[in-house]
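To keep things clear, I will list the structure first and then write my remarks on it.
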Amino acid sequence: MGSPVSLVSSTPDPRILKDSVAKAVELIGFKTGPAVKTVVIKPNLNYYWEPATGCTTDPRVVAALIDFVRERYGKDLSIRVAEADASAMRTKHVFKMLRYEELAEEKKVELINLSKDALTREKVTVGGHDMEFDVPKSLVEADLFINVPKPKIMRATKMTCAMKNIFGCIAAPRKIAYHAFLNEAIVGINKLLKPNLTIVDGLVALGRFPVKLGLIMAGSDAFSVDWVAAQIMGYNPRSVRFLKIAMREKLGEEQGISVVGEPLKGFRKKFPRESFLFQRWVWSLQFGILRAYRKVSGDVIPPFLEG
């Protein structure tokens with residue numbers, strides 16, 4: 001059964017942002033168990049692009065979320081912000097470059113690399129594909145696991161938001177190994193890892209170009225969040241393959257999904273519709289730069305960042 005998804009207008013101003021997060025959570029009637037002591041927040045830091053590009057979660061959204069959970073659950077919480085290494089990204093560098101180290105110092109929270117966490121090897125079958133994932137224990141054991149994705153178009157899957165950001169939790173850096181059956185892999189890891197709450201950073205969204213969407217979304221079900229996000233991006237959710245697979249696998253269903261807060265159509269009108277010809281050119285340029293650097297240096301990570 002689907003669940004409510006809230007849409008709230010916001011700005012990067014810290015006071016407005018915290019109020020927007022609180023309102024978005026209140027609108028969906030979110031509740032947890034009686035005691036929350038450990039919180040893990042998973043932003044989308046898939047590469048070193050600044051939040052203004054629409055590619056990565058703005059640390060100001062995470063800061064507002066940290067303030068919100070402390071006000072709601074107490075100041076003595078153990079809060080960790082988590083990301084995993086990727087094929088062309090190292091967590092230790094992205095935390096530094098995108099100012100998450102500054103955030104951690106200011107808010108007195110811990111940064112963790114999920115690729116170096118204690119892991120369990122889990123098996124799952126989706127659509128006839130048998131898969132194994134290295135699942136970080138920190139996410140499974142947290143009292144409150146919060147997913148903080150970005151709304152973006154993506155050539156391989158049409159869109160990326162809540163469920164695709166959970167794919168980023170896989171501890172193995174070489175996630176490209178799953179790309180031959182990416183949609184099934186997205187559903188598979190979401191069967192194993194189910195965040196308690198999703199807060200979407202839509203301050204800047206990425207369509208065929210970045211746009212200041214000024215949106216905070218909230219939902220307790222990642223499938224429901226993506227169903228609504230797809231409509232904001234101009235898609236029929238039934239045309240998004242991993243959402244169709246999720247329904248076949250009984251991971252989500254359309255019935256019960258509702259939009260609360262502000263009307264969806266205003267955000268959909270502002271979202272830049274897809275242009276995969278332009279996107280192919282951008283990605284070709286980006287990967288061309290990475291290939292050239294790798295050929296020269298033998299690594300995709302600039303060595304000056306090691307300091």
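Chain labels follow the order of the structure tokens: the first chain is A, the next B, and so on; residue numbering restarts at 1 in every chain, and ligands are counted from 1 in their shown order.
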Report the closest atom pair, with its distance in Å rounded to one decimal, for each residue of stretch 53-85 of chain A that has an atom no farther than 12 Å from stretch 200-203 of chain A; count only C-alpha atoms, sort by chain and then rising residue number, and write it as JSON lines.
{"residue": "A:Thr53", "atom": "CA", "partner": "A:Leu203", "partner_atom": "CA", "distance": 10.7}
{"residue": "A:Gly54", "atom": "CA", "partner": "A:Leu203", "partner_atom": "CA", "distance": 8.2}
{"residue": "A:Cys55", "atom": "CA", "partner": "A:Asp201", "partner_atom": "CA", "distance": 10.3}
{"residue": "A:Thr56", "atom": "CA", "partner": "A:Asp201", "partner_atom": "CA", "distance": 8.9}
{"residue": "A:Thr57", "atom": "CA", "partner": "A:Asp201", "partner_atom": "CA", "distance": 6.2}
{"residue": "A:Asp58", "atom": "CA", "partner": "A:Asp201", "partner_atom": "CA", "distance": 7.1}
{"residue": "A:Pro59", "atom": "CA", "partner": "A:Asp201", "partner_atom": "CA", "distance": 9.8}
{"residue": "A:Arg60", "atom": "CA", "partner": "A:Asp201", "partner_atom": "CA", "distance": 9.6}
{"residue": "A:Val61", "atom": "CA", "partner": "A:Asp201", "partner_atom": "CA", "distance": 6.6}
{"residue": "A:Val62", "atom": "CA", "partner": "A:Asp201", "partner_atom": "CA", "distance": 8.9}
{"residue": "A:Ala63", "atom": "CA", "partner": "A:Asp201", "partner_atom": "CA", "distance": 11.8}
{"residue": "A:Ala64", "atom": "CA", "partner": "A:Asp201", "partner_atom": "CA", "distance": 11.0}
{"residue": "A:Leu65", "atom": "CA", "partner": "A:Asp201", "partner_atom": "CA", "distance": 10.6}
Dump as a PDB file, in the first residue's frame, selection limited to C-alpha atoms:
ATOM      1  CA  THR A  53      24.411  21.691 -10.315  1.00  0.00           C
ATOM      2  CA  GLY A  54      21.445  19.711  -9.001  1.00  0.00           C
ATOM      3  CA  CYS A  55      23.596  16.568  -8.802  1.00  0.00           C
ATOM      4  CA  THR A  56      24.334  16.339  -5.080  1.00  0.00           C
ATOM      5  CA  THR A  57      22.500  16.832  -1.792  1.00  0.00           C
ATOM      6  CA  ASP A  58      22.963  20.308  -0.361  1.00  0.00           C
ATOM      7  CA  PRO A  59      24.640  20.158   3.085  1.00  0.00           C
ATOM      8  CA  ARG A  60      22.261  22.908   4.195  1.00  0.00           C
ATOM      9  CA  VAL A  61      19.351  20.483   3.796  1.00  0.00           C
ATOM     10  CA  VAL A  62      21.195  17.895   5.884  1.00  0.00           C
ATOM     11  CA  ALA A  63      21.991  20.574   8.491  1.00  0.00           C
ATOM     12  CA  ALA A  64      18.297  21.508   8.714  1.00  0.00           C
ATOM     13  CA  LEU A  65      17.421  17.827   9.055  1.00  0.00           C
TER      14      LEU A  65
END
Return as JSON lines the residues of stretch 10-90 of chain A lying at most 10 Å from stretch 248-261 of chain A, together with the closest atom-to-atom pair for each and the distance in Å to one decimal, counting only C-alpha atoms, with rows in chain order and ascending residue number.
{"residue": "A:Lys23", "atom": "CA", "partner": "A:Gly261", "partner_atom": "CA", "distance": 8.8}
{"residue": "A:Ala24", "atom": "CA", "partner": "A:Gly261", "partner_atom": "CA", "distance": 7.7}
{"residue": "A:Leu27", "atom": "CA", "partner": "A:Val260", "partner_atom": "CA", "distance": 6.7}
{"residue": "A:Ile28", "atom": "CA", "partner": "A:Val260", "partner_atom": "CA", "distance": 7.4}
Check the smallest atom-to-atom distance from each of A:Ala230, A:Leu197, A:Ala84, A:Ile66 to A:Lys158 using only C-alpha atoms, then report the winner. A:Ala230
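In this comparison, which uses only C-alpha atoms, the residue of A:Asp117, A:Asp76, A:Glu106, A:Glu184 approaching A:His129 most closely is A:Glu184.
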Name the closest residue to A:Asp19 among the candidates A:Glu71, A:Glu101, A:Met233, A:Trp49; distances are taken between atoms, counting only C-alpha atoms. A:Glu71
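For A:Met247, the set of protein, DNA and RNA residues having any atom at most 12 Å away, when counting only C-alpha atoms and skipping those fewer than 4 positions along the same chain, is Met1, Gly2, Val126, Gly127, Glu184, Val187, Lys191, Phe223, Ser224, Trp227, Pro237, Arg238, Val240, Arg241, Phe242, Leu243, Leu251, Gly252, Glu253, Glu254 and Gln255 of chain A.
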Kindly export the residues of the current selection with C-alpha atoms, as an mmCIF file, in the first residue's frame.
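Written out: result.cif:
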data_model
loop_
_atom_site.group_PDB
_atom_site.id
_atom_site.type_symbol
_atom_site.label_atom_id
_atom_site.label_comp_id
_atom_site.auth_asym_id
_atom_site.auth_seq_id
_atom_site.Cartn_x
_atom_site.Cartn_y
_atom_site.Cartn_z
ATOM 1 C CA MET A 1 0.000 0.000 0.000
ATOM 2 C CA GLY A 2 1.337 3.442 -0.938
ATOM 3 C CA VAL A 126 14.409 -9.888 -8.787
ATOM 4 C CA GLY A 127 12.942 -10.642 -12.192
ATOM 5 C CA GLU A 184 16.401 -5.019 -11.061
ATOM 6 C CA VAL A 187 14.605 -2.958 -6.645
ATOM 7 C CA LYS A 191 14.054 -4.991 -0.712
ATOM 8 C CA PHE A 223 8.412 3.829 -3.829
ATOM 9 C CA SER A 224 5.651 6.370 -3.113
ATOM 10 C CA TRP A 227 5.960 7.717 -7.908
ATOM 11 C CA PRO A 237 5.340 6.595 -13.313
ATOM 12 C CA ARG A 238 4.135 3.401 -15.013
ATOM 13 C CA VAL A 240 9.626 3.988 -15.250
ATOM 14 C CA ARG A 241 10.969 0.456 -15.417
ATOM 15 C CA PHE A 242 12.226 0.045 -11.862
ATOM 16 C CA LEU A 243 8.854 1.250 -10.532
ATOM 17 C CA LEU A 251 7.647 -3.705 -3.084
ATOM 18 C CA GLY A 252 5.211 -0.895 -3.820
ATOM 19 C CA GLU A 253 1.813 -0.101 -5.269
ATOM 20 C CA GLU A 254 -0.001 2.937 -6.599
ATOM 21 C CA GLN A 255 -3.042 2.505 -4.376
#
Within 10 Å of A:Lys164, counting only C-alpha atoms, which residues qualify if same-chain residues fewer than 3 places away don't, as a list of chain:residue names? A:Asn44, A:Pro149, A:Lys150, A:Thr157, A:Met159, A:Thr160, A:Cys161, A:Phe167, A:Gly168, A:Cys169, A:Leu182, A:Asn183, A:Ala185, A:Ile186, A:Val187, A:Ile189, A:Asn190, A:Ala222, A:Asp226, A:Phe242
Between A:Val211, A:Ile176, A:Leu144, A:Met89, which one has atoms that come closest to A:Lys269, using only C-alpha atoms?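 Closest to A:Lys269 of all the choices is A:Val211.
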Pick out the residues sitting within 8 Å of A:Pro173, and hand them over as a PyMOL selection string; count only C-alpha atoms, and ignore anything fewer than 6 positions along from it in its own chain. chain A and resi 84-87+115
Residue nearest A:Pro43 - candidates A:Gly74, A:Val94, A:Phe181, A:Glu122, atoms counted: only C-alpha atoms: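 Looking at the shortest contact to A:Pro43, the residue is A:Val94.
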Please return as a PyMOL selection string: the residues of stretch 1-185 of chain A that backbone DSSP assigns to strand (DSSP E). chain A and resi 4-9+38-43+78-83+110-113+119-126+129-136+144-148+152-154+158-160
From the set A:Ala162, A:Val148, A:Leu17, A:Val140, which residue has the shortest atom-to-atom contact distance to A:Val228, counting only C-alpha atoms?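 So, comparing all the options, the nearest one is A:Ala162.
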Please compute the atom CA of A:Val36-atom CA of A:Asp143 distance, one decimal, in Å.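 Interatomic distance here is 5.5 Å.
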Non-local contacts of A:Glu105 (12 Å; only C-alpha atoms; under 6 positions in same chain excluded) as a compact mmCIF listing (two decimals) with N, CA and C atoms, in the first residue's frame:
# COMPACT_ATOMS: atom_id res chain seq x y z
N ALA A 63 21.87 19.81 7.25
CA ALA A 63 21.99 20.57 8.49
C ALA A 63 20.61 20.85 9.09
N ARG A 80 24.87 10.12 12.39
CA ARG A 80 25.95 9.88 11.42
C ARG A 80 25.44 10.17 10.00
N VAL A 81 26.29 10.81 9.23
CA VAL A 81 26.01 11.07 7.82
C VAL A 81 26.84 10.08 7.01
N PHE A 95 33.32 14.15 0.91
CA PHE A 95 32.98 14.80 2.17
C PHE A 95 33.76 16.12 2.32
N LYS A 96 35.00 16.11 1.87
CA LYS A 96 35.83 17.31 1.98
C LYS A 96 35.41 18.36 0.95
N ARG A 99 31.86 20.10 1.46
CA ARG A 99 31.70 20.80 2.74
C ARG A 99 30.96 19.99 3.80
N LEU A 111 30.86 11.42 10.29
CA LEU A 111 30.80 11.02 8.89
C LEU A 111 31.29 9.58 8.78
Pairwise distance, atom CA of A:Gly214 with atom CA of A:Arg15, equals 14.4 Å
Going by DSSP on the backbone, which bits of stretch 9-225 of chain A are helix (DSSP H, G or I)? Write them as a ChimeraX atom specification, please. /A:14-27,51-53,59-73,91-97,100-107,114-116,137-141,162-167,175-192,222-225
